[in-house]
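J.: Pasting a structure below so you can have a look.
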2 protein chains.
Amino acid sequence: MKESVIRTRILEVASRLFYEQGYNSTGINQIIQEAEIARGSLYNHFPSKRDLLTAYIQNSENLWFMGLDEFLKPIEDPKQKLLAMFDYRIDRQLRSKFGGCHFNKIGAEVSGDDLDAFVLVQHQKDRLKTYIMALLGLVTPVQPAAIGKEMLLDTLFLLMEGATVAASAYKDSQPLKDARKIAEILLG
Amino acid sequence: MKESVIRTRILEVASRLFYEQGYNSTGINQIIQEAEIARGSLYNHFPSKRDLLTAYIQNSENLWFMGLDEFLKPIEDPKQKLLAMFDYRIDRQLRSKFGGCHFNKIGAEVSGDDLDAFVLVQHQKDRLKTYIMALLGLVTPVQPAAIGKEMLLDTLFLLMEGATVAASAYKDSQPLKDARKIAEILLG
DNA sequence: GAAAATAGATAGACTTGTCTATATATTATT
DNA sequence: AATAATATATAGACAAGTCTATCTATTTTC
């Protein structure tokens, strides 16, 4: 039940390097050196580099949503919660120096026919959409919106994705701020 | 003035491989083998692999906008042109088996501190925004829109970016179709 | 004849993964 | 409580192959 401290250290270091340098540009040698563990220990916990990638994606997803829950906790109004999701992304992009979305980065880097990794990336997006949908269900519409609720879901999702990509490309939080403003108007 | 046929062939093969497999996962050996040219010829035209990457990005941008011009040529109404931009992306994603945006892929793969590549990626996005803005300027507003024109520009841009990313992640054109529908409503 | 192409050897660093041998720490058995 | 067994850590050599880039020597093309 107790997680190995070694395993945790490997995953932490590998996660940082995968995100900052890319999966393909990060070698096993650098991971074991920076994690200060033996080569055999790494292969004991993760039989291959690909297994390490899988663990990285899954762990990142959990951390991402846990961080989101924490971030939205003090907010009560569902509409404000939805808007704060943009603030969460701004916060994270600032901290990571606009490194972009973990999952899109992996999706862009792995070969197109690598089903395994793609499924994991899709899983995060599905979960995000479910998250938005749940909050949207709690919003009490003040006026007959020009845009249906299921379409509003799509719009918010696409705005978040697009704004994160753009913010990362420009290394600037402006696109995310723009997206937030647009969402504010659409939510009425 | 006449472009070397060898240079063209190198760039074409490298472009295909960079896009399909990723820049880091594509080796010089594979390029010269598939292009059927000598190793020295490659380094004669492109002093380093990085130079080949630069040429790839710039060439892709030109091809992308030339293809867009061609695609929109038969359409006259600026509003229909704007909507057809989504169709163009659908068309391209279908052809490339949802390989995603060339430029975001590179942005995701190169190290965050590689200024050179990032500037080129930004250049494509700036050009895209300018393109949208020019079309938006020609649209005659039928009614006082709920959303300002400069904000409409941001929205359309972010929708395109987000939908392309999502379509690539899901390997499905639905997000792009959704984005088109949303744009149709927002354009009135 | 000059320029540009070719094949291919070579350098040197790096890649993932396997392996051995040793040390330490926890757990099970007597 | 003392001993035996198991698990997990370590360092580091090693294999087999990849990578980018340079170089030489020969042939083709303009």
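Convention: chains lettered A, B, ... in structure tokens order; per-chain residue numbering from 1; ligands numbered from 1 as shown.
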Report the closest atom pair, with its distance in Å rounded to one decimal, for each residue of chain C that has an atom no farther than 12 Å from chain A; count only C-alpha atoms (C1' of nucleotides), sort by chain and then rising residue number, and write it as CSV.
T.:
residue,atom,partner,partner_atom,distance
C:DC14,C1',A:Gly27,CA,9.0
C:DT15,C1',A:Gly27,CA,7.3
C:DT16,C1',A:Ile28,CA,7.6
C:DG17,C1',A:Ser48,CA,8.0
C:DT18,C1',A:Gly40,CA,9.5
C:DC19,C1',A:Gly40,CA,9.8
C:DT20,C1',A:Gly40,CA,11.4
J.: If you run DSSP on the backbone, which residues of stretch 50-185 of chain B are alpha helix (DSSP H), as a PDB file with C-alpha atoms, in the first residue's frame?
T.:
ATOM      1  CA  ARG B  50      17.961  22.645 -37.502  1.00  0.00           C
ATOM      2  CA  ASP B  51      18.194  24.591 -40.752  1.00  0.00           C
ATOM      3  CA  LEU B  52      16.005  21.943 -42.328  1.00  0.00           C
ATOM      4  CA  LEU B  53      13.479  22.483 -39.548  1.00  0.00           C
ATOM      5  CA  THR B  54      13.420  26.213 -40.178  1.00  0.00           C
ATOM      6  CA  ALA B  55      12.853  25.690 -43.886  1.00  0.00           C
ATOM      7  CA  TYR B  56      10.123  23.183 -43.081  1.00  0.00           C
ATOM      8  CA  ILE B  57       8.189  25.609 -40.892  1.00  0.00           C
ATOM      9  CA  GLN B  58       8.457  28.502 -43.315  1.00  0.00           C
ATOM     10  CA  ASN B  59       7.529  26.380 -46.296  1.00  0.00           C
ATOM     11  CA  SER B  60       4.593  24.849 -44.442  1.00  0.00           C
ATOM     12  CA  GLU B  61       3.264  28.279 -43.602  1.00  0.00           C
ATOM     13  CA  ASN B  62       3.376  29.368 -47.219  1.00  0.00           C
ATOM     14  CA  LEU B  63       1.738  26.181 -48.429  1.00  0.00           C
ATOM     15  CA  TRP B  64      -0.929  26.497 -45.755  1.00  0.00           C
ATOM     16  CA  PHE B  65      -2.000  29.994 -46.744  1.00  0.00           C
ATOM     17  CA  MET B  66      -1.722  29.305 -50.438  1.00  0.00           C
ATOM     18  CA  GLY B  67      -4.018  26.332 -49.922  1.00  0.00           C
ATOM     19  CA  LEU B  68      -6.414  28.501 -47.971  1.00  0.00           C
ATOM     20  CA  ASP B  69      -6.539  31.135 -50.709  1.00  0.00           C
ATOM     21  CA  GLU B  70      -7.239  28.444 -53.252  1.00  0.00           C
ATOM     22  CA  PHE B  71      -9.924  26.918 -51.068  1.00  0.00           C
ATOM     23  CA  LEU B  72     -11.749  30.205 -50.474  1.00  0.00           C
ATOM     24  CA  PRO B  78     -16.912  37.249 -46.507  1.00  0.00           C
ATOM     25  CA  LYS B  79     -19.071  35.585 -43.878  1.00  0.00           C
ATOM     26  CA  GLN B  80     -19.183  32.397 -45.922  1.00  0.00           C
ATOM     27  CA  LYS B  81     -15.451  32.680 -46.431  1.00  0.00           C
ATOM     28  CA  LEU B  82     -14.953  32.801 -42.671  1.00  0.00           C
ATOM     29  CA  LEU B  83     -17.066  29.705 -42.194  1.00  0.00           C
ATOM     30  CA  ALA B  84     -15.264  27.949 -44.999  1.00  0.00           C
ATOM     31  CA  MET B  85     -12.025  28.392 -43.084  1.00  0.00           C
ATOM     32  CA  PHE B  86     -13.331  25.691 -40.781  1.00  0.00           C
ATOM     33  CA  ASP B  87     -14.068  23.537 -43.809  1.00  0.00           C
ATOM     34  CA  TYR B  88     -10.506  24.042 -44.959  1.00  0.00           C
ATOM     35  CA  ARG B  89      -9.219  22.752 -41.661  1.00  0.00           C
ATOM     36  CA  ILE B  90     -11.572  19.798 -41.798  1.00  0.00           C
ATOM     37  CA  ASP B  91     -10.354  19.048 -45.283  1.00  0.00           C
ATOM     38  CA  ARG B  92      -6.730  19.200 -44.241  1.00  0.00           C
ATOM     39  CA  GLN B  93      -7.210  17.149 -41.097  1.00  0.00           C
ATOM     40  CA  LEU B  94      -9.022  14.467 -43.050  1.00  0.00           C
ATOM     41  CA  ARG B  95      -6.188  14.313 -45.550  1.00  0.00           C
ATOM     42  CA  HIS B 102       1.970  21.594 -38.137  1.00  0.00           C
ATOM     43  CA  PHE B 103       2.967  24.585 -36.099  1.00  0.00           C
ATOM     44  CA  ASN B 104       1.560  23.538 -32.761  1.00  0.00           C
ATOM     45  CA  LYS B 105       3.275  20.200 -33.194  1.00  0.00           C
ATOM     46  CA  ILE B 106       6.630  21.875 -33.580  1.00  0.00           C
ATOM     47  CA  GLY B 107       5.865  24.236 -30.731  1.00  0.00           C
ATOM     48  CA  ALA B 108       5.136  21.251 -28.529  1.00  0.00           C
ATOM     49  CA  GLU B 109       8.228  19.359 -29.535  1.00  0.00           C
ATOM     50  CA  LEU B 115      13.384  31.147 -29.577  1.00  0.00           C
ATOM     51  CA  ASP B 116      14.017  30.629 -33.265  1.00  0.00           C
ATOM     52  CA  ALA B 117      11.306  28.034 -33.797  1.00  0.00           C
ATOM     53  CA  PHE B 118       8.834  29.798 -31.544  1.00  0.00           C
ATOM     54  CA  VAL B 119       9.043  33.005 -33.512  1.00  0.00           C
ATOM     55  CA  LEU B 120       8.198  31.111 -36.680  1.00  0.00           C
ATOM     56  CA  VAL B 121       5.210  29.464 -35.043  1.00  0.00           C
ATOM     57  CA  GLN B 122       3.983  32.814 -33.757  1.00  0.00           C
ATOM     58  CA  HIS B 123       4.359  34.229 -37.228  1.00  0.00           C
ATOM     59  CA  GLN B 124       1.851  31.750 -38.611  1.00  0.00           C
ATOM     60  CA  LYS B 125      -0.648  32.574 -35.877  1.00  0.00           C
ATOM     61  CA  ASP B 126      -0.267  36.300 -36.412  1.00  0.00           C
ATOM     62  CA  ARG B 127      -0.837  35.813 -40.099  1.00  0.00           C
ATOM     63  CA  LEU B 128      -3.942  33.750 -39.418  1.00  0.00           C
ATOM     64  CA  LYS B 129      -5.359  36.430 -37.155  1.00  0.00           C
ATOM     65  CA  THR B 130      -4.674  39.067 -39.775  1.00  0.00           C
ATOM     66  CA  TYR B 131      -6.447  36.915 -42.326  1.00  0.00           C
ATOM     67  CA  ILE B 132      -9.527  36.588 -40.140  1.00  0.00           C
ATOM     68  CA  MET B 133      -9.512  40.272 -39.305  1.00  0.00           C
ATOM     69  CA  ALA B 134      -9.453  41.248 -42.972  1.00  0.00           C
ATOM     70  CA  LEU B 135     -12.497  39.093 -43.677  1.00  0.00           C
ATOM     71  CA  LEU B 136     -14.304  40.340 -40.603  1.00  0.00           C
ATOM     72  CA  GLY B 137     -13.823  43.901 -41.798  1.00  0.00           C
ATOM     73  CA  LEU B 138     -15.817  43.051 -44.914  1.00  0.00           C
ATOM     74  CA  LYS B 149     -15.912  42.850 -33.502  1.00  0.00           C
ATOM     75  CA  GLU B 150     -12.472  42.716 -31.911  1.00  0.00           C
ATOM     76  CA  MET B 151     -13.786  40.115 -29.499  1.00  0.00           C
ATOM     77  CA  LEU B 152     -15.317  38.223 -32.376  1.00  0.00           C
ATOM     78  CA  LEU B 153     -11.872  38.042 -33.917  1.00  0.00           C
ATOM     79  CA  ASP B 154     -10.444  36.513 -30.750  1.00  0.00           C
ATOM     80  CA  THR B 155     -13.320  34.081 -30.496  1.00  0.00           C
ATOM     81  CA  LEU B 156     -13.026  32.819 -34.049  1.00  0.00           C
ATOM     82  CA  PHE B 157      -9.287  32.449 -33.722  1.00  0.00           C
ATOM     83  CA  LEU B 158      -9.500  30.574 -30.442  1.00  0.00           C
ATOM     84  CA  LEU B 159     -12.274  28.348 -31.739  1.00  0.00           C
ATOM     85  CA  MET B 160     -10.172  27.385 -34.731  1.00  0.00           C
ATOM     86  CA  GLU B 161      -7.139  26.614 -32.629  1.00  0.00           C
ATOM     87  CA  GLY B 162      -9.079  24.685 -30.022  1.00  0.00           C
ATOM     88  CA  ALA B 163     -11.096  22.715 -32.524  1.00  0.00           C
ATOM     89  CA  THR B 164      -8.021  21.704 -34.498  1.00  0.00           C
ATOM     90  CA  VAL B 165      -6.299  20.502 -31.358  1.00  0.00           C
ATOM     91  CA  ALA B 166      -9.375  18.601 -30.233  1.00  0.00           C
ATOM     92  CA  ALA B 167      -9.954  17.081 -33.660  1.00  0.00           C
ATOM     93  CA  SER B 168      -6.396  15.842 -33.687  1.00  0.00           C
ATOM     94  CA  ALA B 169      -6.656  14.412 -30.178  1.00  0.00           C
ATOM     95  CA  TYR B 170      -9.912  12.621 -30.957  1.00  0.00           C
ATOM     96  CA  GLN B 174     -16.650  16.729 -34.983  1.00  0.00           C
ATOM     97  CA  PRO B 175     -14.932  19.451 -32.913  1.00  0.00           C
ATOM     98  CA  LEU B 176     -14.268  21.408 -36.101  1.00  0.00           C
ATOM     99  CA  LYS B 177     -17.871  20.981 -37.172  1.00  0.00           C
ATOM    100  CA  ASP B 178     -19.003  22.145 -33.741  1.00  0.00           C
ATOM    101  CA  ALA B 179     -16.771  25.178 -33.963  1.00  0.00           C
ATOM    102  CA  ARG B 180     -18.204  26.012 -37.361  1.00  0.00           C
ATOM    103  CA  LYS B 181     -21.745  25.900 -36.006  1.00  0.00           C
ATOM    104  CA  ILE B 182     -20.810  28.173 -33.125  1.00  0.00           C
ATOM    105  CA  ALA B 183     -19.157  30.599 -35.515  1.00  0.00           C
ATOM    106  CA  GLU B 184     -22.275  30.593 -37.652  1.00  0.00           C
ATOM    107  CA  ILE B 185     -24.370  31.702 -34.692  1.00  0.00           C
TER     108      ILE B 185
END
J.: Can you tell me, as a count of residues only, what residues are no more than 6 Å from stretch 9-13 of chain A when counting only C-alpha atoms (C1' of nucleotides), ignoring any on the same chain fewer than 3 positions away?
T.: 3
J.: Taking only C-alpha atoms (C1' of nucleotides) into account, what are the residues of chain A at most 12 Å from chain D, put as an mmCIF file with C-alpha atoms, in the first residue's frame?
T.:
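Result file follows (iface-v8.cif):
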data_model
loop_
_atom_site.group_PDB
_atom_site.id
_atom_site.type_symbol
_atom_site.label_atom_id
_atom_site.label_comp_id
_atom_site.auth_asym_id
_atom_site.auth_seq_id
_atom_site.Cartn_x
_atom_site.Cartn_y
_atom_site.Cartn_z
ATOM 1 C CA SER A 4 7.947 3.558 -2.724
ATOM 2 C CA VAL A 5 9.822 6.797 -2.145
ATOM 3 C CA ILE A 6 12.195 5.808 -4.936
ATOM 4 C CA ARG A 7 9.397 5.277 -7.398
ATOM 5 C CA SER A 25 14.534 14.517 -25.895
ATOM 6 C CA GLU A 36 20.065 10.264 -7.913
ATOM 7 C CA ILE A 37 19.020 6.655 -8.166
ATOM 8 C CA ALA A 38 20.571 3.613 -9.724
ATOM 9 C CA ARG A 39 19.860 2.531 -13.242
ATOM 10 C CA GLY A 40 18.543 -0.822 -12.061
ATOM 11 C CA SER A 41 16.118 0.854 -9.686
ATOM 12 C CA LEU A 42 14.445 2.675 -12.523
ATOM 13 C CA ASN A 44 12.792 -2.232 -11.470
ATOM 14 C CA HIS A 45 9.906 0.193 -11.064
#
J.: Quick one: distance from atom CA of A:Tyr19 to atom CA of B:Val110 in Å, one decimal?
T.: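 A separation of 11.0 Å between them.
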J.: When you count only C-alpha atoms, which of these residues is closest to A:Asp114: B:Ile32, B:Pro74, B:Gln21, B:Ser96?
T.: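 Closest to A:Asp114 of all the choices is B:Gln21.
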J.: Using only C-alpha atoms, which residue out of B:Phe46, B:Phe18, B:Gln30, B:Ile75 lies closest to chain A?
T.: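 Closest residue, counting only C-alpha atoms: B:Phe18.
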J.: Between atom C1' of C:DA11 and atom CA of A:Asn24, what is the spacing in Å?
T.: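 Straight-line distance from atom CA of A:Asn24 to atom C1' of C:DA11 works out to 24.0 Å.
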J.: Give me, please, the distance in Å between atom CA of A:Ser15 and atom CA of B:Leu17, quoted to one decimal.
T.: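 These atoms are spaced 26.9 Å apart.
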